[in-house]
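**Student:** Below you'll find final-v3.pdb; it's PDB, C-alpha atoms, pLDDT in the B column.
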ATOM      1  CA  MET A   1       3.007   0.200 -57.025  1.00 35.00           C
ATOM      2  CA  PRO A   2       0.569  -0.079 -54.097  1.00 35.00           C
ATOM      3  CA  SER A   3       0.816   2.603 -51.418  1.00 35.00           C
ATOM      4  CA  LYS A   4       1.394   1.772 -47.774  1.00 35.00           C
ATOM      5  CA  SER A   5      -1.661   1.793 -45.583  1.00 35.00           C
ATOM      6  CA  PRO A   6      -1.610   4.428 -42.792  1.00 37.00           C
ATOM      7  CA  SER A   7      -1.333   1.730 -40.142  1.00 36.00           C
ATOM      8  CA  ALA A   8       1.630   0.081 -41.862  1.00 36.00           C
ATOM      9  CA  ALA A   9       3.388   3.441 -42.183  1.00 35.00           C
ATOM     10  CA  ALA A  10       2.754   4.204 -38.526  1.00 35.00           C
ATOM     11  CA  ALA A  11       4.036   0.786 -37.509  1.00 34.00           C
ATOM     12  CA  THR A  12       7.355   1.343 -39.279  1.00 33.00           C
ATOM     13  CA  LYS A  13       7.937   4.575 -37.309  1.00 37.00           C
ATOM     14  CA  VAL A  14       7.515   2.976 -33.880  1.00 35.00           C
ATOM     15  CA  PRO A  15      10.771   1.494 -32.609  1.00 37.00           C
ATOM     16  CA  PRO A  16      10.483  -2.067 -31.330  1.00 42.00           C
ATOM     17  CA  THR A  17      10.394  -2.532 -27.563  1.00 54.00           C
ATOM     18  CA  LYS A  18      13.797  -3.506 -26.273  1.00 70.00           C
ATOM     19  CA  ALA A  19      13.979  -6.861 -24.587  1.00 81.00           C
ATOM     20  CA  PRO A  20      15.576  -6.656 -21.141  1.00 87.00           C
ATOM     21  CA  LYS A  21      19.180  -7.826 -21.382  1.00 89.00           C
ATOM     22  CA  THR A  22      20.759  -7.556 -17.953  1.00 94.00           C
ATOM     23  CA  VAL A  23      19.513  -9.093 -14.717  1.00 95.00           C
ATOM     24  CA  LEU A  24      18.847  -5.562 -13.440  1.00 95.00           C
ATOM     25  CA  ASP A  25      16.753  -4.780 -16.555  1.00 94.00           C
ATOM     26  CA  LYS A  26      14.772  -7.976 -15.909  1.00 94.00           C
ATOM     27  CA  ILE A  27      14.311  -7.011 -12.248  1.00 95.00           C
ATOM     28  CA  GLU A  28      12.838  -3.656 -13.319  1.00 94.00           C
ATOM     29  CA  VAL A  29      10.407  -5.514 -15.606  1.00 92.00           C
ATOM     30  CA  ALA A  30       9.501  -7.874 -12.745  1.00 93.00           C
ATOM     31  CA  ILE A  31       8.802  -5.031 -10.299  1.00 93.00           C
ATOM     32  CA  THR A  32       6.746  -3.166 -12.897  1.00 90.00           C
ATOM     33  CA  ARG A  33       4.671  -6.209 -13.807  1.00 90.00           C
ATOM     34  CA  LEU A  34       4.162  -7.255 -10.175  1.00 89.00           C
ATOM     35  CA  ALA A  35       2.856  -3.694  -9.562  1.00 86.00           C
ATOM     36  CA  ASP A  36       2.845  -3.960  -5.763  1.00 83.00           C
ATOM     37  CA  PRO A  37       2.291  -0.484  -4.232  1.00 78.00           C
ATOM     38  CA  THR A  38       4.452  -1.414  -1.230  1.00 78.00           C
ATOM     39  CA  GLY A  39       7.293  -2.727  -3.412  1.00 86.00           C
ATOM     40  CA  SER A  40       8.215  -6.239  -4.483  1.00 91.00           C
ATOM     41  CA  SER A  41      10.018  -8.661  -2.196  1.00 92.00           C
ATOM     42  CA  ARG A  42      13.194 -10.434  -3.297  1.00 92.00           C
ATOM     43  CA  GLN A  43      11.276 -13.743  -3.248  1.00 93.00           C
ATOM     44  CA  ALA A  44       8.513 -12.388  -5.520  1.00 93.00           C
ATOM     45  CA  ILE A  45      11.143 -11.008  -7.906  1.00 96.00           C
ATOM     46  CA  LEU A  46      13.036 -14.333  -7.947  1.00 95.00           C
ATOM     47  CA  LYS A  47       9.845 -16.287  -8.727  1.00 95.00           C
ATOM     48  CA  PHE A  48       8.944 -13.889 -11.542  1.00 95.00           C
ATOM     49  CA  LEU A  49      12.461 -14.008 -13.055  1.00 95.00           C
ATOM     50  CA  LYS A  50      12.507 -17.799 -12.969  1.00 94.00           C
ATOM     51  CA  ARG A  51       9.026 -18.094 -14.500  1.00 94.00           C
ATOM     52  CA  GLU A  52       9.314 -15.342 -17.148  1.00 92.00           C
ATOM     53  CA  HIS A  53      13.045 -15.186 -17.983  1.00 91.00           C
ATOM     54  CA  GLY A  54      14.487 -18.489 -16.837  1.00 91.00           C
ATOM     55  CA  VAL A  55      16.783 -16.691 -14.378  1.00 91.00           C
ATOM     56  CA  ASP A  56      17.466 -18.988 -11.429  1.00 92.00           C
ATOM     57  CA  ASN A  57      20.526 -17.458  -9.790  1.00 93.00           C
ATOM     58  CA  PRO A  58      19.721 -15.874  -6.399  1.00 94.00           C
ATOM     59  CA  SER A  59      23.243 -14.485  -5.924  1.00 94.00           C
ATOM     60  CA  ALA A  60      23.140 -12.720  -9.333  1.00 95.00           C
ATOM     61  CA  VAL A  61      19.739 -11.265  -8.432  1.00 95.00           C
ATOM     62  CA  LYS A  62      21.019 -10.128  -5.016  1.00 94.00           C
ATOM     63  CA  LYS A  63      24.014  -8.454  -6.682  1.00 96.00           C
ATOM     64  CA  ALA A  64      21.801  -6.786  -9.319  1.00 96.00           C
ATOM     65  CA  LEU A  65      19.414  -5.502  -6.622  1.00 96.00           C
ATOM     66  CA  LYS A  66      22.355  -3.963  -4.746  1.00 96.00           C
ATOM     67  CA  THR A  67      23.694  -2.425  -7.968  1.00 96.00           C
ATOM     68  CA  GLY A  68      20.224  -1.031  -8.745  1.00 96.00           C
ATOM     69  CA  VAL A  69      19.847   0.516  -5.296  1.00 96.00           C
ATOM     70  CA  ASP A  70      23.420   1.892  -5.227  1.00 96.00           C
ATOM     71  CA  GLY A  71      23.020   3.287  -8.757  1.00 96.00           C
ATOM     72  CA  GLY A  72      19.689   4.954  -8.006  1.00 95.00           C
ATOM     73  CA  ARG A  73      17.574   2.850 -10.384  1.00 95.00           C
ATOM     74  CA  LEU A  74      15.839   1.003  -7.533  1.00 96.00           C
ATOM     75  CA  VAL A  75      14.577   2.057  -4.119  1.00 94.00           C
ATOM     76  CA  GLN A  76      14.711  -0.320  -1.166  1.00 93.00           C
ATOM     77  CA  LYS A  77      12.305  -0.055   1.793  1.00 88.00           C
ATOM     78  CA  GLY A  78      12.984  -2.815   4.283  1.00 85.00           C
ATOM     79  CA  GLN A  79      12.832  -6.043   2.290  1.00 87.00           C
ATOM     80  CA  SER A  80      10.892  -4.557  -0.641  1.00 90.00           C
ATOM     81  CA  PHE A  81      12.153  -3.000  -3.859  1.00 95.00           C
ATOM     82  CA  SER A  82      10.561  -0.522  -6.262  1.00 92.00           C
ATOM     83  CA  VAL A  83      11.677   1.221  -9.447  1.00 93.00           C
ATOM     84  CA  LYS A  84      12.680   4.824  -8.732  1.00 93.00           C
ATOM     85  CA  GLY A  85       9.999   7.251  -9.902  1.00 89.00           C
ATOM     86  CA  VAL A  86       7.370   4.543 -10.530  1.00 88.00           C
ATOM     87  CA  GLU A  87       4.420   4.343  -8.154  1.00 83.00           C
ATOM     88  CA  PHE A  88       1.496   1.952  -8.144  1.00 82.00           C
ATOM     89  CA  GLN A  89      -1.888   2.669  -6.640  1.00 82.00           C
ATOM     90  CA  ALA A  90      -3.206   0.169  -4.153  1.00 80.00           C
ATOM     91  CA  PRO A  91      -6.328  -1.710  -5.254  1.00 82.00           C
ATOM     92  CA  ALA A  92      -9.626  -0.232  -4.023  1.00 82.00           C
ATOM     93  CA  ASP A  93     -10.039  -3.009  -1.457  1.00 83.00           C
ATOM     94  CA  GLU A  94      -6.750  -1.910   0.142  1.00 85.00           C
ATOM     95  CA  GLN A  95      -7.524   1.824   0.335  1.00 91.00           C
ATOM     96  CA  VAL A  96      -9.005   3.759   3.222  1.00 95.00           C
ATOM     97  CA  THR A  97     -11.285   6.612   2.213  1.00 95.00           C
ATOM     98  CA  VAL A  98     -10.456   9.613   4.381  1.00 96.00           C
ATOM     99  CA  GLU A  99     -12.712  12.637   4.691  1.00 96.00           C
ATOM    100  CA  GLU A 100     -11.065  15.501   6.568  1.00 96.00           C
ATOM    101  CA  LEU A 101     -13.850  16.978   8.732  1.00 96.00           C
ATOM    102  CA  LYS A 102     -11.623  19.375  10.685  1.00 97.00           C
ATOM    103  CA  ALA A 103      -7.896  20.000  10.292  1.00 94.00           C
ATOM    104  CA  GLY A 104      -6.078  19.971  13.603  1.00 94.00           C
ATOM    105  CA  GLY A 105      -3.319  22.376  14.573  1.00 94.00           C
ATOM    106  CA  GLY A 106      -1.245  20.315  16.993  1.00 94.00           C
ATOM    107  CA  ALA A 107       1.373  17.560  16.783  1.00 96.00           C
ATOM    108  CA  ILE A 108       1.269  15.142  13.839  1.00 96.00           C
ATOM    109  CA  ALA A 109       0.437  11.445  14.272  1.00 96.00           C
ATOM    110  CA  GLU A 110       3.270   9.441  12.677  1.00 94.00           C
ATOM    111  CA  ALA A 111       4.302   5.787  12.765  1.00 90.00           C
ATOM    112  CA  GLY A 112       5.660   5.042  16.238  1.00 93.00           C
ATOM    113  CA  SER A 113       3.667   7.842  17.912  1.00 95.00           C
ATOM    114  CA  GLU A 114       1.529   6.974  20.908  1.00 97.00           C
ATOM    115  CA  VAL A 115      -1.855   8.481  20.084  1.00 98.00           C
ATOM    116  CA  THR A 116      -5.057   9.079  22.022  1.00 98.00           C
ATOM    117  CA  MET A 117      -8.264   8.961  20.007  1.00 98.00           C
ATOM    118  CA  LYS A 118     -11.957   9.582  20.479  1.00 98.00           C
ATOM    119  CA  TYR A 119     -14.028   7.531  18.051  1.00 98.00           C
ATOM    120  CA  ARG A 120     -17.341   6.040  17.032  1.00 98.00           C
ATOM    121  CA  GLY A 121     -17.521   2.986  14.746  1.00 98.00           C
ATOM    122  CA  THR A 122     -20.568   2.012  12.706  1.00 98.00           C
ATOM    123  CA  LEU A 123     -21.524  -0.437  10.008  1.00 98.00           C
ATOM    124  CA  GLU A 124     -22.803   0.771   6.637  1.00 97.00           C
ATOM    125  CA  ASP A 125     -26.409   0.447   7.857  1.00 97.00           C
ATOM    126  CA  GLY A 126     -25.645   2.874  10.725  1.00 97.00           C
ATOM    127  CA  THR A 127     -25.466   0.255  13.498  1.00 97.00           C
ATOM    128  CA  GLU A 128     -22.905   1.349  16.100  1.00 97.00           C
ATOM    129  CA  PHE A 129     -20.523  -1.446  17.083  1.00 97.00           C
ATOM    130  CA  ASP A 130     -17.993   0.448  19.223  1.00 96.00           C
ATOM    131  CA  ALA A 131     -17.136   3.869  20.656  1.00 97.00           C
ATOM    132  CA  ALA A 132     -14.652   5.355  23.111  1.00 97.00           C
ATOM    133  CA  SER A 133     -13.874   8.821  24.446  1.00 97.00           C
ATOM    134  CA  ARG A 134     -10.178   7.979  25.102  1.00 97.00           C
ATOM    135  CA  PHE A 135      -8.413   5.141  23.330  1.00 97.00           C
ATOM    136  CA  HIS A 136      -4.585   4.847  23.360  1.00 97.00           C
ATOM    137  CA  PHE A 137      -2.386   2.905  20.922  1.00 97.00           C
ATOM    138  CA  THR A 138       0.922   3.098  19.061  1.00 96.00           C
ATOM    139  CA  LEU A 139       0.408   4.094  15.428  1.00 94.00           C
ATOM    140  CA  GLY A 140       1.891   1.684  12.891  1.00 90.00           C
ATOM    141  CA  ALA A 141       2.685  -1.023  15.456  1.00 91.00           C
ATOM    142  CA  GLY A 142      -0.189  -3.332  14.537  1.00 90.00           C
ATOM    143  CA  ASP A 143      -2.092  -2.520  17.749  1.00 94.00           C
ATOM    144  CA  VAL A 144      -5.237  -1.736  15.723  1.00 96.00           C
ATOM    145  CA  ILE A 145      -6.762  -2.717  12.376  1.00 96.00           C
ATOM    146  CA  LYS A 146      -4.691  -1.714   9.333  1.00 94.00           C
ATOM    147  CA  GLY A 147      -7.340   0.777   8.236  1.00 95.00           C
ATOM    148  CA  TRP A 148      -6.780   2.795  11.397  1.00 96.00           C
ATOM    149  CA  ASP A 149      -2.997   2.828  10.967  1.00 94.00           C
ATOM    150  CA  LYS A 150      -3.475   4.141   7.407  1.00 93.00           C
ATOM    151  CA  GLY A 151      -6.372   6.505   8.095  1.00 96.00           C
ATOM    152  CA  ILE A 152      -4.977   8.200  11.191  1.00 96.00           C
ATOM    153  CA  ALA A 153      -1.410   8.715   9.941  1.00 94.00           C
ATOM    154  CA  GLY A 154      -0.812  12.396   9.206  1.00 95.00           C
ATOM    155  CA  MET A 155      -3.596  13.717  11.444  1.00 97.00           C
ATOM    156  CA  ARG A 156      -2.855  16.642  13.728  1.00 97.00           C
ATOM    157  CA  VAL A 157      -4.058  16.953  17.330  1.00 97.00           C
ATOM    158  CA  GLY A 158      -7.541  18.475  17.318  1.00 97.00           C
ATOM    159  CA  GLY A 159      -8.291  17.060  13.859  1.00 97.00           C
ATOM    160  CA  LYS A 160     -11.390  15.075  12.982  1.00 98.00           C
ATOM    161  CA  ARG A 161     -11.816  12.568  10.149  1.00 97.00           C
ATOM    162  CA  LYS A 162     -14.366  10.157   8.780  1.00 98.00           C
ATOM    163  CA  LEU A 163     -12.760   6.855   7.730  1.00 98.00           C
ATOM    164  CA  VAL A 164     -14.335   4.291   5.416  1.00 97.00           C
ATOM    165  CA  ILE A 165     -12.401   1.053   5.869  1.00 97.00           C
ATOM    166  CA  PRO A 166     -12.841  -1.879   3.471  1.00 96.00           C
ATOM    167  CA  PRO A 167     -13.028  -5.404   4.938  1.00 96.00           C
ATOM    168  CA  LYS A 168      -9.461  -6.256   3.903  1.00 94.00           C
ATOM    169  CA  LEU A 169      -8.134  -3.449   6.145  1.00 95.00           C
ATOM    170  CA  GLY A 170     -10.679  -4.113   8.895  1.00 96.00           C
ATOM    171  CA  TYR A 171     -11.749  -7.517  10.191  1.00 96.00           C
ATOM    172  CA  GLY A 172     -11.705  -9.336   6.856  1.00 95.00           C
ATOM    173  CA  LYS A 173     -13.879 -12.192   5.660  1.00 96.00           C
ATOM    174  CA  LYS A 174     -14.460 -13.543   9.177  1.00 96.00           C
ATOM    175  CA  GLY A 175     -15.506 -10.265  10.804  1.00 96.00           C
ATOM    176  CA  SER A 176     -15.546 -10.023  14.596  1.00 95.00           C
ATOM    177  CA  PRO A 177     -18.834 -11.615  15.686  1.00 94.00           C
ATOM    178  CA  PRO A 178     -21.257 -10.778  17.018  1.00 94.00           C
ATOM    179  CA  GLU A 179     -20.748  -7.014  16.535  1.00 95.00           C
ATOM    180  CA  ILE A 180     -18.996  -7.023  13.142  1.00 97.00           C
ATOM    181  CA  PRO A 181     -20.305  -9.378  10.442  1.00 97.00           C
ATOM    182  CA  PRO A 182     -18.084 -11.072   7.836  1.00 97.00           C
ATOM    183  CA  SER A 183     -16.701  -8.846   5.043  1.00 96.00           C
ATOM    184  CA  ALA A 184     -18.031  -5.654   6.667  1.00 97.00           C
ATOM    185  CA  THR A 185     -17.045  -2.169   5.526  1.00 97.00           C
ATOM    186  CA  LEU A 186     -16.463  -0.069   8.649  1.00 98.00           C
ATOM    187  CA  LEU A 187     -17.176   3.636   9.145  1.00 98.00           C
ATOM    188  CA  PHE A 188     -15.360   5.576  11.849  1.00 98.00           C
ATOM    189  CA  ASP A 189     -15.656   9.142  13.067  1.00 98.00           C
ATOM    190  CA  VAL A 190     -12.299   9.799  14.731  1.00 98.00           C
ATOM    191  CA  GLU A 191     -10.749  12.707  16.614  1.00 98.00           C
ATOM    192  CA  LEU A 192      -7.061  12.927  17.533  1.00 98.00           C
ATOM    193  CA  ILE A 193      -6.839  14.067  21.152  1.00 98.00           C
ATOM    194  CA  ALA A 194      -3.109  13.671  21.889  1.00 97.00           C
ATOM    195  CA  VAL A 195       0.230  12.520  20.432  1.00 97.00           C
ATOM    196  CA  LYS A 196       3.281  11.455  22.468  1.00 94.00           C
TER     197      LYS A 196
END
Since I need it in another form, could you write the structure as C-alpha cells?

**Tutor:**
Amino acid sequence: MPSKSPSAAAATKVPPTKAPKTVLDKIEVAITRLADPTGSSRQAILKFLKREHGVDNPSAVKKALKTGVDGGRLVQKGQSFSVKGVEFQAPADEQVTVEELKAGGGAIAEAGSEVTMKYRGTLEDGTEFDAASRFHFTLGAGDVIKGWDKGIAGMRVGGKRKLVIPPKLGYGKKGSPPEIPPSATLLFDVELIAVK
C-alpha cells in the first residue's frame, strides 16, 4: 500500500475554510477584502456583496451592519465600517513621513483645534516654495492640504517636525503652478507655536 506524501498528510489536517453564511459574515469578508484603512462605506460593502455573493438587499445589509455594531463585531466611524480588532495600513502614497525633531511640552494639536504654525516648505531638490512665521488654521477642517492635517495632529506646542508629504496628500497630479510642479513630494519643517 503506497504511503501518503507529506503534503497530502498535511492537507488532511488543515480544516477547510468556512464559507460565510450570514449577511454579517459576508460583510466582514467584504470589509477585510476591501482593506480600506479608514473603513468601508455602506455603498462599497453593498457593491462587493452584490458582485461577490449575489446579495442585493440593502435593508438586510443595513440590519446586519447595525447588528454587527451593536454586537461588537463591527466598529462604525461616521459612515464607514471596520471589523473590530482588524487594522489596515494605508498605502505608501497615502502616508505622511513624520520625523520628530523636538518634542513640545505644551497643549496638543487635535482635530478641531485652531493652531498657529511656523513653517518652511521645499521641494525634493531643496527649492523653497513657501514659508511663514505665523500661519493659523483649524486642524482637520480641510483648511490645508491633507498631509498637514495628518502630520501635525498630535504635536505639542513648542514641538518641531519634518514632514514628507506624498503628492496624493499634497497638491496631487496637477500641482500648484508655478511654485509646485505636478506630482511633487513636499518637505516641510514645521513648528507648533500655539493651540486654541

**Student:** Can you turn the PyMOL selection byres ((chain A and resi 29) around 12) into a concrete residue list for this file, as an mmCIF file with C-alpha atoms, in the frame of the given file?

**Tutor:**
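Saved as selection11.cif:
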data_model
loop_
_atom_site.group_PDB
_atom_site.id
_atom_site.type_symbol
_atom_site.label_atom_id
_atom_site.label_comp_id
_atom_site.auth_asym_id
_atom_site.auth_seq_id
_atom_site.Cartn_x
_atom_site.Cartn_y
_atom_site.Cartn_z
ATOM 1 C CA LYS A 18 13.797 -3.506 -26.273
ATOM 2 C CA ALA A 19 13.979 -6.861 -24.587
ATOM 3 C CA PRO A 20 15.576 -6.656 -21.141
ATOM 4 C CA LYS A 21 19.180 -7.826 -21.382
ATOM 5 C CA THR A 22 20.759 -7.556 -17.953
ATOM 6 C CA VAL A 23 19.513 -9.093 -14.717
ATOM 7 C CA LEU A 24 18.847 -5.562 -13.440
ATOM 8 C CA ASP A 25 16.753 -4.780 -16.555
ATOM 9 C CA LYS A 26 14.772 -7.976 -15.909
ATOM 10 C CA ILE A 27 14.311 -7.011 -12.248
ATOM 11 C CA GLU A 28 12.838 -3.656 -13.319
ATOM 12 C CA ALA A 30 9.501 -7.874 -12.745
ATOM 13 C CA ILE A 31 8.802 -5.031 -10.299
ATOM 14 C CA THR A 32 6.746 -3.166 -12.897
ATOM 15 C CA ARG A 33 4.671 -6.209 -13.807
ATOM 16 C CA LEU A 34 4.162 -7.255 -10.175
ATOM 17 C CA ALA A 35 2.856 -3.694 -9.562
ATOM 18 C CA SER A 40 8.215 -6.239 -4.483
ATOM 19 C CA ILE A 45 11.143 -11.008 -7.906
ATOM 20 C CA LEU A 46 13.036 -14.333 -7.947
ATOM 21 C CA PHE A 48 8.944 -13.889 -11.542
ATOM 22 C CA LEU A 49 12.461 -14.008 -13.055
ATOM 23 C CA GLU A 52 9.314 -15.342 -17.148
ATOM 24 C CA HIS A 53 13.045 -15.186 -17.983
ATOM 25 C CA LEU A 74 15.839 1.003 -7.533
ATOM 26 C CA SER A 82 10.561 -0.522 -6.262
ATOM 27 C CA VAL A 83 11.677 1.221 -9.447
ATOM 28 C CA VAL A 86 7.370 4.543 -10.530
#

**Student:** Enter the distance from CA of Ala141 in chain A to CA of Thr122 in chain A, in Å, rounded to one decimal.

**Tutor:**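 Answer for the CA of Ala141 in chain A to CA of Thr122 in chain A separation: 23.6 Å.
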
**Student:** Identify which of the residues A:Lys84, A:Lys168, A:Arg161, A:Arg51 lies closest to Gly147 in chain A, counting all atoms listed in the file when measuring atom-to-atom distances.

**Tutor:** A:Lys168

**Student:** Find the residues around Val144 in chain A up to 12 Å (all atoms listed in the file counted), leave out those fewer than 5 positions away in its own chain, and share them as a short mmCIF file (atom, residue, chain, number, x, y, z; two decimals) with C-alpha atoms, in the frame of the given file.

**Tutor:**
data_model
loop_
_atom_site.label_atom_id
_atom_site.label_comp_id
_atom_site.auth_asym_id
_atom_site.auth_seq_id
_atom_site.Cartn_x
_atom_site.Cartn_y
_atom_site.Cartn_z
CA VAL A 115 -1.86 8.48 20.08
CA MET A 117 -8.26 8.96 20.01
CA PHE A 135 -8.41 5.14 23.33
CA HIS A 136 -4.58 4.85 23.36
CA PHE A 137 -2.39 2.90 20.92
CA THR A 138 0.92 3.10 19.06
CA LEU A 139 0.41 4.09 15.43
CA ASP A 149 -3.00 2.83 10.97
CA LYS A 150 -3.48 4.14 7.41
CA GLY A 151 -6.37 6.50 8.10
CA ILE A 152 -4.98 8.20 11.19
CA LEU A 169 -8.13 -3.45 6.14
CA GLY A 170 -10.68 -4.11 8.90
CA TYR A 171 -11.75 -7.52 10.19
#

**Student:** What are the nearest atom pairs, with distances in Å to one decimal, for all residues of range 22-105 of chain A that come at most 12 Å from range 172-186 of chain A, using all atoms listed in the file, set out by chain and rising residue number as JSON lines?

**Tutor:**
{"residue": "A:Asp93", "atom": "CA", "partner": "A:Thr185", "partner_atom": "CA", "distance": 9.9}
{"residue": "A:Glu94", "atom": "CA", "partner": "A:Gly172", "partner_atom": "CA", "distance": 11.2}
{"residue": "A:Gln95", "atom": "CA", "partner": "A:Thr185", "partner_atom": "CA", "distance": 11.6}
{"residue": "A:Val96", "atom": "CA", "partner": "A:Leu186", "partner_atom": "CA", "distance": 10.0}
{"residue": "A:Thr97", "atom": "CA", "partner": "A:Leu186", "partner_atom": "CA", "distance": 10.6}

**Student:** How many Å lie between CA of Ala90 in chain A and CA of Pro37 in chain A, rounded to one decimal?

**Tutor:**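 Result for CA of Ala90 in chain A versus CA of Pro37 in chain A: 5.5 Å, one decimal.
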
**Student:** For Gly140 in chain A, please output as a list in words all residues within 8 Å (counting all atoms listed in the file; exclusion window: fewer than 4 positions along the same chain).

**Tutor:**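 The neighbour list is Glu110, Ala111, Gly112 and Asp149 of chain A.
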
**Student:** Record the distance separating CA of Lys77 in chain A and CA of Gly39 in chain A, expressed in Å with one decimal.

**Tutor:**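 Computing the Euclidean distance for CA of Lys77 in chain A and CA of Gly39 in chain A yields 7.7 Å.
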
**Student:** Here's a test: counting all atoms listed in the file, identify every protein, DNA and RNA residue with an atom at most 9 Å from (-13.4, 21.2, 16.9) in the file's coordinate frame, and state them as a CSV table (one decimal) with C-alpha atoms, in the coordinates of the input.

**Tutor:**
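The resulting file, result.csv, is reproduced below:
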chain,number,residue,atom,x,y,z
A,102,LYS,CA,-11.6,19.4,10.7
A,103,ALA,CA,-7.9,20.0,10.3
A,104,GLY,CA,-6.1,20.0,13.6
A,158,GLY,CA,-7.5,18.5,17.3
A,159,GLY,CA,-8.3,17.1,13.9
A,160,LYS,CA,-11.4,15.1,13.0
A,191,GLU,CA,-10.7,12.7,16.6

**Student:** Between A:Glu124, A:Asp189, A:Pro167, A:Arg42, which residue has the minimum interatomic distance to Ala64 in chain A, considering all atoms listed in the file?

**Tutor:**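 Once distances to Ala64 in chain A are computed over all atoms listed in the file, the minimum belongs to A:Arg42.
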
**Student:** Would you pick out the contacts of Ala131 in chain A at 8 Å or less, using all atoms listed in the file, so that residues sharing its chain but fewer than 5 positions from it are not included, and give the list as a PyMOL selection string?

**Tutor:** chain A and resi 118-121

**Student:** Enclose the full set of atoms of range 170-179 of chain A listed in the file within a box whose edges lie along x, y and z, apply 6 Å of padding to each of the six sides, and report centre and edge lengths in Å to one decimal as lines of an AutoDock Vina configuration file.

**Tutor:**
center_x = -16.0
center_y = -8.8
center_z = 11.3
size_x = 22.6
size_y = 21.4
size_z = 23.4

**Student:** Counting all atoms listed in the file, which of A:Thr116, A:Ser133, A:Ser41, A:Asn57 gets nearest to Val157 in chain A?

**Tutor:** A:Thr116

**Student:** Pick out the closest residue to Glu128 in chain A from this set: A:Val98, A:Ala153, A:Ile165, A:Leu187. Count all atoms listed in the file.

**Tutor:**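 Smallest separation from Glu128 in chain A among the options: A:Leu187.
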
**Student:** Only C-alpha atoms, as a CSV table (one decimal), in the first residue's frame: that is what I want for range 69-122 of chain A.

**Tutor:**
chain,number,residue,atom,x,y,z
A,69,VAL,CA,-22.0,47.3,15.5
A,70,ASP,CA,-24.4,46.6,18.4
A,71,GLY,CA,-22.8,43.1,19.0
A,72,GLY,CA,-19.3,44.4,18.9
A,73,ARG,CA,-18.1,42.6,15.8
A,74,LEU,CA,-18.0,45.9,13.7
A,75,VAL,CA,-16.9,49.4,14.5
A,76,GLN,CA,-18.7,52.4,12.9
A,77,LYS,CA,-16.9,55.7,12.4
A,78,GLY,CA,-19.2,58.2,10.7
A,79,GLN,CA,-20.4,56.4,7.5
A,80,SER,CA,-17.6,53.8,7.5
A,81,PHE,CA,-17.4,50.4,9.0
A,82,SER,CA,-14.4,48.2,10.0
A,83,VAL,CA,-14.1,44.8,11.7
A,84,LYS,CA,-13.2,45.1,15.4
A,85,GLY,CA,-9.6,44.4,16.0
A,86,VAL,CA,-8.6,44.4,12.3
A,87,GLU,CA,-6.5,47.4,11.1
A,88,PHE,CA,-5.2,48.1,7.6
A,89,GLN,CA,-2.2,50.2,6.8
A,90,ALA,CA,-2.6,53.0,4.3
A,91,PRO,CA,-0.7,52.6,1.1
A,92,ALA,CA,2.6,54.4,0.9
A,93,ASP,CA,1.2,57.1,-1.3
A,94,GLU,CA,-1.3,58.0,1.4
A,95,GLN,CA,1.2,58.2,4.3
A,96,VAL,CA,3.0,61.2,5.7
A,97,THR,CA,6.5,60.5,6.9
A,98,VAL,CA,7.0,62.3,10.2
A,99,GLU,CA,10.3,63.0,11.8
A,100,GLU,CA,10.1,64.3,15.4
A,101,LEU,CA,12.9,66.9,15.6
A,102,LYS,CA,11.9,68.3,19.0
A,103,ALA,CA,9.0,67.1,21.3
A,104,GLY,CA,7.0,70.0,22.6
A,105,GLY,CA,5.7,70.3,26.1
A,106,GLY,CA,2.5,72.4,25.7
A,107,ALA,CA,-1.1,71.8,24.5
A,108,ILE,CA,-1.7,69.0,22.0
A,109,ALA,CA,-2.9,69.8,18.4
A,110,GLU,CA,-6.1,67.7,17.8
A,111,ALA,CA,-8.8,67.8,15.2
A,112,GLY,CA,-10.9,71.0,15.7
A,113,SER,CA,-8.0,72.9,17.4
A,114,GLU,CA,-7.1,76.3,16.0
A,115,VAL,CA,-3.3,76.1,15.6
A,116,THR,CA,-0.6,78.6,14.8
A,117,MET,CA,2.4,77.2,12.9
A,118,LYS,CA,5.8,78.4,11.7
A,119,TYR,CA,6.9,76.5,8.6
A,120,ARG,CA,9.2,76.3,5.6
A,121,GLY,CA,8.2,74.2,2.6
A,122,THR,CA,10.6,72.9,0.0
